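Student: Here you go, structure.tsv (TSV, C-alpha atoms):
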chain	number	residue	atom	x	y	z
G	85	MET	CA	-24.74	-20.76	-48.70
G	86	SER	CA	-22.66	-20.99	-51.83
G	87	SER	CA	-22.05	-18.13	-54.20
G	88	GLU	CA	-24.03	-17.66	-57.39
G	89	PRO	CA	-22.62	-19.49	-60.43
G	90	GLU	CA	-20.28	-17.48	-62.59
G	91	ASN	CA	-21.86	-15.83	-65.62
G	92	SER	CA	-19.74	-16.33	-68.72
G	93	GLY	CA	-21.16	-13.16	-70.22
G	94	THR	CA	-19.50	-10.91	-67.64
G	95	PRO	CA	-15.81	-9.98	-67.81
G	96	GLU	CA	-15.17	-10.55	-64.10
G	97	PRO	CA	-16.28	-13.40	-61.82
G	98	GLN	CA	-18.90	-12.69	-59.16
G	99	ALA	CA	-17.63	-12.15	-55.63
G	100	THR	CA	-18.51	-14.87	-53.14
G	101	ASP	CA	-20.89	-14.23	-50.28
G	102	VAL	CA	-18.03	-14.16	-47.79
G	103	GLU	CA	-16.07	-11.63	-49.83
G	104	LEU	CA	-19.13	-9.39	-50.03
G	105	ALA	CA	-19.77	-9.82	-46.32
G	106	GLU	CA	-16.20	-8.87	-45.48
G	107	LYS	CA	-16.51	-5.89	-47.82
G	108	LEU	CA	-19.59	-4.76	-45.88
G	109	ILE	CA	-17.75	-5.08	-42.56
G	110	GLN	CA	-14.80	-3.06	-43.88
G	111	ALA	CA	-17.11	-0.42	-45.35
G	112	TYR	CA	-18.97	-0.15	-42.04
G	113	ASP	CA	-15.72	0.47	-40.17
G	114	ARG	CA	-14.62	3.11	-42.69
G	115	ILE	CA	-18.01	4.87	-42.60
G	116	ARG	CA	-17.96	5.02	-38.80
G	117	GLU	CA	-14.40	6.35	-38.87
G	118	GLN	CA	-15.30	9.06	-41.39
G	119	LEU	CA	-18.51	10.01	-39.58
G	120	GLY	CA	-16.49	10.37	-36.40
G	121	LEU	CA	-14.58	13.23	-38.03
G	122	VAL	CA	-17.82	15.24	-38.25
G	123	ILE	CA	-20.20	13.75	-35.66
G	124	VAL	CA	-19.12	13.52	-32.03
G	125	GLY	CA	-20.66	10.62	-30.11
G	126	GLN	CA	-24.05	9.17	-31.11
G	127	GLU	CA	-22.46	5.78	-31.92
G	128	GLY	CA	-25.68	3.92	-31.20
G	129	VAL	CA	-27.69	6.24	-33.44
G	130	LEU	CA	-25.19	5.89	-36.27
G	131	GLU	CA	-25.24	2.11	-35.96
G	132	GLU	CA	-29.05	1.99	-36.16
G	133	ILE	CA	-29.11	4.31	-39.19
G	134	LEU	CA	-26.56	2.14	-41.01
G	135	ILE	CA	-28.41	-1.06	-40.11
G	136	ALA	CA	-31.61	0.42	-41.56
G	137	LEU	CA	-29.74	1.51	-44.69
G	138	PHE	CA	-28.23	-1.92	-45.32
G	139	CYS	CA	-31.62	-3.55	-44.64
G	140	ASN	CA	-33.28	-1.31	-47.25
G	141	GLY	CA	-35.52	0.09	-44.52
G	142	HIS	CA	-36.50	3.57	-43.36
G	143	CYS	CA	-35.90	5.30	-40.05
G	144	ILE	CA	-37.48	7.93	-37.79
G	145	LEU	CA	-35.09	10.08	-35.77
G	146	GLU	CA	-36.66	11.62	-32.70
G	147	GLY	CA	-34.77	14.26	-30.74
G	148	VAL	CA	-34.76	17.89	-29.74
G	149	PRO	CA	-33.34	20.49	-32.16
G	150	GLY	CA	-29.59	21.00	-32.35
G	151	LEU	CA	-28.45	17.38	-32.03
G	152	ALA	CA	-26.94	17.21	-35.55
G	153	LYS	CA	-29.65	14.98	-37.05
G	154	THR	CA	-29.54	16.75	-40.42
G	155	LEU	CA	-25.72	16.87	-40.44
G	156	MET	CA	-25.59	13.17	-39.65
G	157	VAL	CA	-27.81	12.23	-42.59
G	158	SER	CA	-26.22	14.57	-45.14
G	159	THR	CA	-22.71	13.42	-44.16
G	160	LEU	CA	-23.72	9.78	-44.55
G	161	SER	CA	-25.09	10.44	-48.05
G	162	LYS	CA	-21.74	11.98	-49.06
G	163	LEU	CA	-19.74	9.06	-47.71
G	164	VAL	CA	-21.72	6.48	-49.71
G	165	SER	CA	-21.96	8.61	-52.89
G	166	LEU	CA	-25.75	8.89	-52.73
G	167	SER	CA	-27.85	11.84	-53.84
G	168	PHE	CA	-29.35	13.72	-50.90
G	169	SER	CA	-32.54	15.75	-50.59
G	170	ARG	CA	-33.91	17.59	-47.58
G	171	ILE	CA	-37.63	18.40	-47.36
G	172	GLN	CA	-38.76	20.81	-44.67
G	173	PHE	CA	-42.30	19.75	-43.75
G	174	THR	CA	-44.68	22.63	-43.03
G	175	PRO	CA	-48.48	22.88	-42.66
G	176	ASP	CA	-48.86	24.37	-46.16
G	177	LEU	CA	-46.74	21.72	-47.92
G	178	MET	CA	-48.66	19.97	-50.72
G	179	PRO	CA	-48.13	16.38	-51.97
G	180	SER	CA	-46.94	17.66	-55.35
G	181	ASP	CA	-44.25	19.68	-53.56
G	182	ILE	CA	-42.74	16.32	-52.58
G	183	THR	CA	-43.47	13.97	-55.45
G	184	GLY	CA	-43.36	16.43	-58.35
G	185	THR	CA	-45.87	17.84	-60.79
G	186	GLU	CA	-46.70	17.96	-64.49
G	187	VAL	CA	-46.12	21.18	-66.40
G	188	ILE	CA	-47.21	22.24	-69.87
G	189	GLU	CA	-44.30	22.40	-72.30
G	190	GLU	CA	-44.67	24.12	-75.68
G	191	ASP	CA	-42.58	23.30	-78.75
G	192	ARG	CA	-41.73	26.70	-80.26
G	193	GLY	CA	-41.12	25.18	-83.67
G	194	THR	CA	-44.44	23.39	-84.09
G	195	GLY	CA	-46.51	25.17	-81.49
G	196	SER	CA	-47.64	21.84	-80.03
G	197	ARG	CA	-48.02	21.45	-76.31
G	198	SER	CA	-47.33	18.46	-74.11
G	199	LEU	CA	-47.17	17.59	-70.45
G	200	ARG	CA	-43.80	16.98	-68.85
G	201	PHE	CA	-43.31	15.54	-65.38
G	202	VAL	CA	-40.97	17.58	-63.20
G	203	LYS	CA	-39.54	15.40	-60.46
G	204	GLY	CA	-39.87	16.53	-56.87
G	205	PRO	CA	-37.26	16.32	-54.09
G	206	ILE	CA	-38.32	12.77	-53.26
G	207	PHE	CA	-36.33	11.57	-56.30
G	208	ALA	CA	-33.09	11.13	-54.37
G	209	ASN	CA	-31.29	8.19	-52.79
G	210	VAL	CA	-31.41	9.65	-49.28
G	211	VAL	CA	-34.41	11.80	-48.35
G	212	LEU	CA	-34.48	13.70	-45.06
G	213	ALA	CA	-38.10	14.43	-44.11
G	214	ASP	CA	-37.52	17.16	-41.54
G	215	GLU	CA	-40.28	17.42	-38.90
G	216	ILE	CA	-42.61	15.04	-40.71
G	217	ASN	CA	-45.35	15.58	-38.11
G	218	ARG	CA	-45.59	19.27	-39.10
G	219	THR	CA	-47.53	18.57	-42.30
G	220	PRO	CA	-51.14	17.36	-42.77
G	221	PRO	CA	-51.95	13.66	-43.30
G	222	LYS	CA	-52.54	14.08	-47.05
G	223	THR	CA	-48.95	15.21	-47.58
G	224	GLN	CA	-47.60	12.62	-45.15
G	225	SER	CA	-49.38	9.90	-47.12
G	226	ALA	CA	-47.70	11.00	-50.36
G	227	LEU	CA	-44.30	10.37	-48.81
G	228	LEU	CA	-45.29	7.14	-47.12
G	229	GLU	CA	-46.83	5.73	-50.30
G	230	ALA	CA	-43.55	6.37	-52.11
G	231	MET	CA	-41.70	4.60	-49.27
G	232	GLN	CA	-43.89	1.55	-49.65
G	233	GLU	CA	-44.20	1.33	-53.45
G	234	HIS	CA	-40.81	2.86	-54.39
G	235	GLN	CA	-42.55	4.82	-57.11
G	236	VAL	CA	-44.61	7.96	-57.69
G	237	THR	CA	-47.74	8.02	-59.85
G	238	ALA	CA	-48.60	11.21	-61.73
G	239	ALA	CA	-51.49	11.48	-64.22
G	240	GLY	CA	-51.77	7.70	-64.20
G	241	PHE	CA	-48.12	7.09	-65.10
G	242	PRO	CA	-45.70	5.50	-62.60
G	243	HIS	CA	-42.26	7.03	-62.07
G	244	LYS	CA	-39.71	4.78	-60.41
G	245	LEU	CA	-37.68	6.18	-57.55
G	246	PRO	CA	-33.88	5.77	-57.60
G	247	ARG	CA	-32.23	2.85	-55.86
G	248	PRO	CA	-31.27	2.64	-53.11
G	249	PHE	CA	-34.07	4.71	-51.59
G	250	PHE	CA	-33.69	5.60	-47.93
G	251	VAL	CA	-36.01	7.91	-45.96
G	252	LEU	CA	-35.06	9.39	-42.61
G	253	ALA	CA	-37.82	11.37	-40.94
G	254	THR	CA	-37.25	13.60	-37.92
G	255	GLN	CA	-39.65	14.49	-35.12
G	256	ASN	CA	-39.37	16.96	-32.27
G	257	PRO	CA	-40.67	15.27	-29.08
G	258	ILE	CA	-41.07	18.43	-27.00
G	259	GLU	CA	-43.13	20.66	-29.29
G	260	GLN	CA	-46.47	19.08	-30.17
G	261	GLU	CA	-48.67	22.13	-30.77
G	262	GLY	CA	-49.79	22.36	-34.39
G	263	THR	CA	-48.52	18.90	-35.30
G	264	TYR	CA	-50.12	15.94	-37.07
G	265	PRO	CA	-48.84	12.75	-35.41
G	266	LEU	CA	-48.34	9.85	-37.80
G	267	PRO	CA	-51.01	7.13	-37.48
G	268	GLU	CA	-49.81	3.75	-36.24
G	269	ALA	CA	-50.36	2.13	-39.64
G	270	GLN	CA	-48.03	4.67	-41.23
G	271	LEU	CA	-45.47	4.48	-38.44
G	272	ASP	CA	-45.29	0.74	-39.11
G	273	ARG	CA	-43.69	1.45	-42.48
G	274	PHE	CA	-40.58	2.72	-40.74
G	275	MET	CA	-38.18	-0.05	-39.81
G	276	PHE	CA	-36.65	1.83	-36.86
G	277	LYS	CA	-37.58	4.62	-34.52
G	278	THR	CA	-34.26	5.91	-33.20
G	279	LEU	CA	-33.97	8.23	-30.23
G	280	VAL	CA	-31.28	10.93	-30.46
G	281	ASP	CA	-30.26	11.95	-26.94
G	282	TYR	CA	-28.17	14.80	-25.54
G	283	PRO	CA	-24.38	14.34	-25.71
G	284	THR	CA	-22.32	13.68	-22.61
G	285	GLU	CA	-20.35	16.53	-21.05
G	286	GLU	CA	-17.10	15.46	-22.70
G	287	GLU	CA	-18.81	14.97	-26.06
G	288	GLU	CA	-20.41	18.41	-25.82
G	289	PHE	CA	-16.99	19.93	-25.04
G	290	ARG	CA	-15.56	18.32	-28.18
G	291	ILE	CA	-18.55	19.52	-30.25
G	292	VAL	CA	-18.17	23.11	-29.08
G	293	LYS	CA	-14.40	23.07	-29.60
G	294	MET	CA	-14.71	21.55	-33.08
G	295	THR	CA	-17.53	23.76	-34.38
G	296	THR	CA	-16.10	27.07	-33.12
G	297	ALA	CA	-12.69	26.63	-34.72
G	298	LEU	CA	-11.62	27.25	-38.29
G	299	GLU	CA	-11.22	23.65	-39.34
G	300	GLU	CA	-12.20	21.88	-42.54
G	301	VAL	CA	-12.77	18.14	-42.65
G	302	SER	CA	-12.05	16.21	-45.82
G	303	LEU	CA	-14.26	13.13	-46.18
G	304	LYS	CA	-13.43	10.09	-48.29
G	305	ARG	CA	-16.20	8.41	-50.27
G	306	THR	CA	-16.63	4.82	-49.19
G	307	LEU	CA	-19.34	3.13	-51.28
G	308	THR	CA	-21.23	3.70	-54.51
G	309	ALA	CA	-24.99	3.32	-54.93
G	310	HIS	CA	-24.47	0.03	-56.78
G	311	GLU	CA	-22.32	-1.32	-53.95
G	312	VAL	CA	-24.96	-0.35	-51.37
G	313	ILE	CA	-27.58	-2.36	-53.30
G	314	GLU	CA	-25.15	-5.28	-53.54
G	315	LEU	CA	-24.56	-5.20	-49.78
G	316	GLN	CA	-28.29	-4.94	-49.07
G	317	ASN	CA	-28.69	-8.24	-50.89
G	318	ILE	CA	-25.92	-9.95	-48.92
G	319	VAL	CA	-27.57	-9.02	-45.60
G	320	ARG	CA	-30.64	-11.05	-46.55
G	321	ARG	CA	-28.46	-14.08	-47.27
G	322	VAL	CA	-27.11	-14.28	-43.72
G	323	PRO	CA	-28.47	-17.52	-42.20
G	324	CYS	CA	-30.66	-17.39	-39.11
G	325	ALA	CA	-31.54	-20.42	-36.99
G	326	ASP	CA	-35.22	-21.33	-36.70
G	327	GLN	CA	-35.09	-20.97	-32.92
G	328	VAL	CA	-33.75	-17.42	-33.26
G	329	ILE	CA	-36.60	-16.59	-35.64
G	330	ARG	CA	-39.06	-18.08	-33.16
G	331	TYR	CA	-37.50	-16.03	-30.37
G	332	ALA	CA	-38.12	-12.87	-32.39
G	333	MET	CA	-41.69	-13.99	-33.03
G	334	ARG	CA	-42.29	-14.71	-29.35
G	335	LEU	CA	-41.07	-11.23	-28.47
G	336	VAL	CA	-43.46	-9.64	-30.95
G	337	ARG	CA	-46.42	-11.87	-30.17
G	338	ALA	CA	-45.98	-11.16	-26.46
G	339	THR	CA	-47.03	-7.53	-27.14
G	340	ARG	CA	-50.50	-8.53	-28.35
G	341	VAL	CA	-53.11	-8.00	-25.67
G	342	ASP	CA	-55.72	-10.26	-27.28
G	343	LYS	CA	-53.73	-13.41	-26.47
G	344	GLU	CA	-54.86	-15.48	-23.49
G	345	ASP	CA	-51.34	-16.11	-22.13
G	346	VAL	CA	-50.22	-12.47	-22.33
G	347	ASP	CA	-48.32	-11.09	-19.34
G	348	THR	CA	-50.28	-8.97	-16.87
G	349	PHE	CA	-48.19	-5.84	-17.41
G	350	VAL	CA	-48.87	-6.04	-21.15
G	351	ARG	CA	-52.61	-6.33	-20.56
G	352	ASP	CA	-52.46	-3.35	-18.19
G	353	TYR	CA	-50.26	-1.01	-20.21
G	354	VAL	CA	-50.55	-1.94	-23.91
G	355	ALA	CA	-53.55	-0.96	-26.03
G	356	TRP	CA	-52.34	-2.61	-29.23
G	357	GLY	CA	-49.36	-4.79	-30.04
G	358	ALA	CA	-46.96	-5.13	-32.96
G	359	GLY	CA	-47.83	-6.90	-36.21
G	360	PRO	CA	-45.92	-9.43	-38.34
G	361	ARG	CA	-43.83	-6.68	-39.96
G	362	ALA	CA	-42.14	-6.24	-36.58
G	363	SER	CA	-41.04	-9.89	-36.63
G	364	GLN	CA	-39.66	-9.48	-40.15
G	365	ASN	CA	-37.74	-6.35	-39.19
G	366	LEU	CA	-36.35	-7.92	-36.02
G	367	VAL	CA	-34.84	-10.81	-37.97
G	368	LEU	CA	-33.61	-8.65	-40.84
G	369	ALA	CA	-32.05	-6.06	-38.52
G	370	GLY	CA	-30.53	-8.88	-36.49
G	371	LYS	CA	-28.88	-10.21	-39.64
G	372	ALA	CA	-27.42	-6.80	-40.45
G	373	ARG	CA	-26.18	-6.24	-36.90
G	374	ALA	CA	-24.52	-9.66	-36.79
G	375	LEU	CA	-22.79	-9.07	-40.10
G	376	LEU	CA	-21.65	-5.56	-39.21
G	377	ASN	CA	-20.10	-6.99	-36.06
G	378	GLY	CA	-18.15	-9.60	-38.03
G	379	ARG	CA	-20.35	-12.64	-37.41
G	380	PHE	CA	-21.97	-14.92	-39.98
G	381	HIS	CA	-24.85	-16.00	-37.80
G	382	VAL	CA	-27.67	-14.29	-35.89
G	383	SER	CA	-28.01	-14.72	-32.14
G	384	THR	CA	-30.75	-13.78	-29.72
G	385	ASP	CA	-28.40	-11.02	-28.52
G	386	ASP	CA	-28.77	-9.40	-31.94
G	387	ILE	CA	-32.57	-9.65	-31.72
G	388	ARG	CA	-32.58	-8.08	-28.25
G	389	ALA	CA	-30.24	-5.28	-29.36
G	390	VAL	CA	-32.55	-4.18	-32.20
G	391	ALA	CA	-35.79	-4.82	-30.31
G	392	TYR	CA	-36.07	-1.26	-28.98
G	393	PRO	CA	-35.88	0.67	-32.28
G	394	VAL	CA	-38.06	-1.93	-34.01
G	395	LEU	CA	-40.81	-2.11	-31.37
G	396	ARG	CA	-40.95	1.29	-29.63
G	397	HIS	CA	-43.20	2.81	-32.31
G	398	ARG	CA	-45.23	-0.35	-32.84
G	399	VAL	CA	-46.39	-0.84	-29.24
G	400	LEU	CA	-49.40	1.43	-28.65
G	401	LEU	CA	-49.62	2.36	-24.98
G	402	SER	CA	-52.87	2.44	-23.00
G	403	PHE	CA	-54.17	5.36	-20.95
G	404	ASN	CA	-52.90	3.62	-17.81
G	405	ALA	CA	-49.35	3.58	-19.17
G	406	GLU	CA	-49.46	7.25	-20.14
G	407	ALA	CA	-50.92	8.21	-16.75
G	408	GLU	CA	-48.18	6.33	-14.89
G	409	GLY	CA	-45.35	7.47	-17.15
G	410	ILE	CA	-44.69	4.01	-18.60
G	411	THR	CA	-42.85	4.15	-21.94
G	412	SER	CA	-42.83	1.65	-24.77
G	413	ASP	CA	-39.12	1.05	-24.10
G	414	ALA	CA	-40.02	-0.01	-20.55
G	415	ILE	CA	-42.54	-2.48	-21.99
G	416	VAL	CA	-39.95	-3.92	-24.38
G	417	ARG	CA	-37.38	-4.16	-21.58
G	418	GLN	CA	-39.83	-6.05	-19.38
G	419	LEU	CA	-40.71	-8.42	-22.22
G	420	ILE	CA	-37.05	-9.18	-22.89
G	421	GLU	CA	-36.47	-9.91	-19.21
G	422	SER	CA	-39.55	-12.13	-18.98
G	423	LEU	CA	-38.74	-14.24	-22.03
G	424	ALA	CA	-36.47	-17.19	-21.50
G	425	SER	CA	-33.53	-16.92	-23.88
G	426	ASP	CA	-33.30	-20.69	-24.39
G	427	SER	CA	-32.29	-20.19	-28.02
G	428	GLN	CA	-29.04	-18.47	-27.00
G	429	GLY	CA	-26.15	-20.06	-28.82
G	430	ALA	CA	-28.39	-22.59	-30.53
G	431	MET	CA	-26.51	-22.45	-33.80
G	432	ASP	CA	-22.79	-23.21	-33.76
G	433	GLU	CA	-20.81	-20.42	-35.43
G	434	GLY	CA	-18.47	-22.76	-37.23
G	435	MET	CA	-21.35	-24.75	-38.68
G	436	THR	CA	-23.09	-21.55	-39.70
G	437	ARG	CA	-19.97	-20.31	-41.45
G	438	ARG	CA	-19.84	-23.56	-43.44
G	439	VAL	CA	-23.45	-23.05	-44.48
G	440	PHE	CA	-22.76	-19.42	-45.41
G	441	THR	CA	-19.56	-20.14	-47.35
G	442	GLY	CA	-20.61	-23.41	-48.91
G	443	GLU	CA	-17.74	-25.31	-47.28
G	444	SER	CA	-18.16	-29.00	-46.59
G	445	SER	CA	-18.21	-30.33	-43.05
G	446	ASP	CA	-14.87	-32.08	-43.65
G	447	SER	CA	-13.01	-28.87	-44.55
Kindly transcribe the structure held in the file into structure tokens.
Tutor:
Amino acid sequence: MSSEPENSGTPEPQATDVELAEKLIQAYDRIREQLGLVIVGQEGVLEEILIALFCNGHCILEGVPGLAKTLMVSTLSKLVSLSFSRIQFTPDLMPSDITGTEVIEEDRGTGSRSLRFVKGPIFANVVLADEINRTPPKTQSALLEAMQEHQVTAAGFPHKLPRPFFVLATQNPIEQEGTYPLPEAQLDRFMFKTLVDYPTEEEEFRIVKMTTALEEVSLKRTLTAHEVIELQNIVRRVPCADQVIRYAMRLVRATRVDKEDVDTFVRDYVAWGAGPRASQNLVLAGKARALLNGRFHVSTDDIRAVAYPVLRHRVLLSFNAEAEGITSDAIVRQLIESLASDSQGAMDEGMTRRVFTGESSDS
């Protein structure tokens, strides 16, 4: 794909797609390096969060308390020069506590009164929705509507949210009393569901040693908000072979129990499968993963790598699966193993690079 034509009205020429792609790769390496100064381990979690960010998606982080989920998100917002807001979800939280409210403002000179909209904490680039399943569905819907529409409506007037807009919601998997689980239709609005696990013994040793010493870490800002938007656009321009797209579709369609040729284990353990948004997110996340790993083409390996965070919250398990301890990850793993990866290596990397850079076949 060739770069956009130069605009004579701008003082500087537009960067080519390859230059922007290489900038994204370099920024990714710098962000991981800087995050490593504060966060020990969790490389897979950090990769999934960054993939979601550069895909302009949203992410659910599920893990027990004390695994540095909040620190991870706030540190990332500092590194990419984005405004950060943390909302602690509680049972008494109202929608206006998130989106904002209108207040009466009086002009002391004239005595006239008018309504002024006071923005809520959702008006930030990075929003951490802490324990999102702690608040009633009405308040959850206020957040999820903003995620979908990228705006808030108050008294009939829309208020645009800042760009980029990135929501990370956390859930505690071990404490379910007094919670309001998100419905499947609302879970589908999150691109990823990322599992945050316990650190290894060596990682925990480093965490304890680092956090109990008098040590200050100086972080270097890596990207601006404008650059993040620019890099989100370049991710979508990464080419993807038709057979890789069809592989992603086959993986998603194989979760649907109403199909005649569905595998037996899916019919036994899945109550409802993933929709078309899962296919879109698989391909888009695959593009981001390929680019972040220095490749200008998407392979089925990329699709398989992002299949778990994309599908684990979109595959609704049956009572049989819950009774037998079958997880959605186990279903996804079985589907990956059962699908023939005949599209592996279907697109030649050199040819793809020519398409991406606009080079001729003779060069």
Student: Return the single residue from G:Ile216, G:Leu163, G:Leu245, G:Ile206 that is closest to Pro265 (chain G), with distances computed using all atoms listed in the file.
Tutor: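 Of all the options, G:Ile216 lies closest to Pro265 (chain G).
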Student: Given the choices G:Val301, G:Leu419, G:Ala239, G:Val382, which gets closest to Val122 (chain G) if the distance is worked out from all atoms listed in the file?
Tutor: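 Nearest to Val122 (chain G): G:Val301.
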Student: Between CA of Thr154 (chain G) and CA of Phe274 (chain G), what is the distance in Å, rounded to a tenth?
Tutor: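 Here the two named atoms are 17.9 Å from each other.
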Student: Would you mind telling me which residue in G:Lys304, G:His310, G:His381, G:Arg398 lies nearest to Thr339 (chain G) when using all atoms listed in the file?
Tutor: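 When distances to Thr339 (chain G) are compared using all atoms listed in the file, the smallest one comes from G:Arg398.
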Student: Considering all atoms listed in the file, tabulate each residue of region 236-342 of chain G that lies at most 7 Å from region 363-380 of chain G along with its nearest interatomic pair and the corresponding distance in Å to one decimal; arrange the rows by chain and ascending residue number and present them as a Markdown table.
Tutor:
| residue | atom | partner | partner_atom | distance |
| --- | --- | --- | --- | --- |
| G:Met275 | CA | G:Asn365 | CA | 6.3 |
| G:Val319 | CA | G:Ala372 | CA | 5.6 |
| G:Arg320 | CA | G:Leu368 | CA | 6.9 |
| G:Val322 | CA | G:Lys371 | CA | 6.0 |
| G:Ile329 | CA | G:Val367 | CA | 6.5 |
| G:Ala332 | CA | G:Ser363 | CA | 5.9 |
| G:Met333 | CA | G:Ser363 | CA | 5.5 |
| G:Val336 | CA | G:Ser363 | CA | 6.2 |
Student: Could you build a table of the residues in region 87-191 of chain G lying no more than 10 Å from region 218-238 of chain G, giving for each the nearest pair of atoms and their separation in Å rounded to one decimal place, using only C-alpha atoms, ordered by chain and ascending residue number, as a Markdown table?
Tutor:
| residue | atom | partner | partner_atom | distance |
| --- | --- | --- | --- | --- |
| G:Gly141 | CA | G:Met231 | CA | 9.0 |
| G:His142 | CA | G:Met231 | CA | 7.9 |
| G:Gln172 | CA | G:Arg218 | CA | 8.9 |
| G:Phe173 | CA | G:Thr219 | CA | 5.6 |
| G:Thr174 | CA | G:Thr219 | CA | 5.0 |
| G:Pro175 | CA | G:Thr219 | CA | 4.4 |
| G:Asp176 | CA | G:Thr219 | CA | 7.1 |
| G:Leu177 | CA | G:Thr219 | CA | 6.5 |
| G:Met178 | CA | G:Thr223 | CA | 5.7 |
| G:Pro179 | CA | G:Thr223 | CA | 4.6 |
| G:Ser180 | CA | G:Ala226 | CA | 8.4 |
| G:Asp181 | CA | G:Thr223 | CA | 8.8 |
| G:Ile182 | CA | G:Leu227 | CA | 7.2 |
| G:Thr183 | CA | G:Val236 | CA | 6.5 |
| G:Gly184 | CA | G:Ala238 | CA | 8.1 |
| G:Thr185 | CA | G:Ala238 | CA | 7.2 |
| G:Glu186 | CA | G:Ala238 | CA | 7.5 |
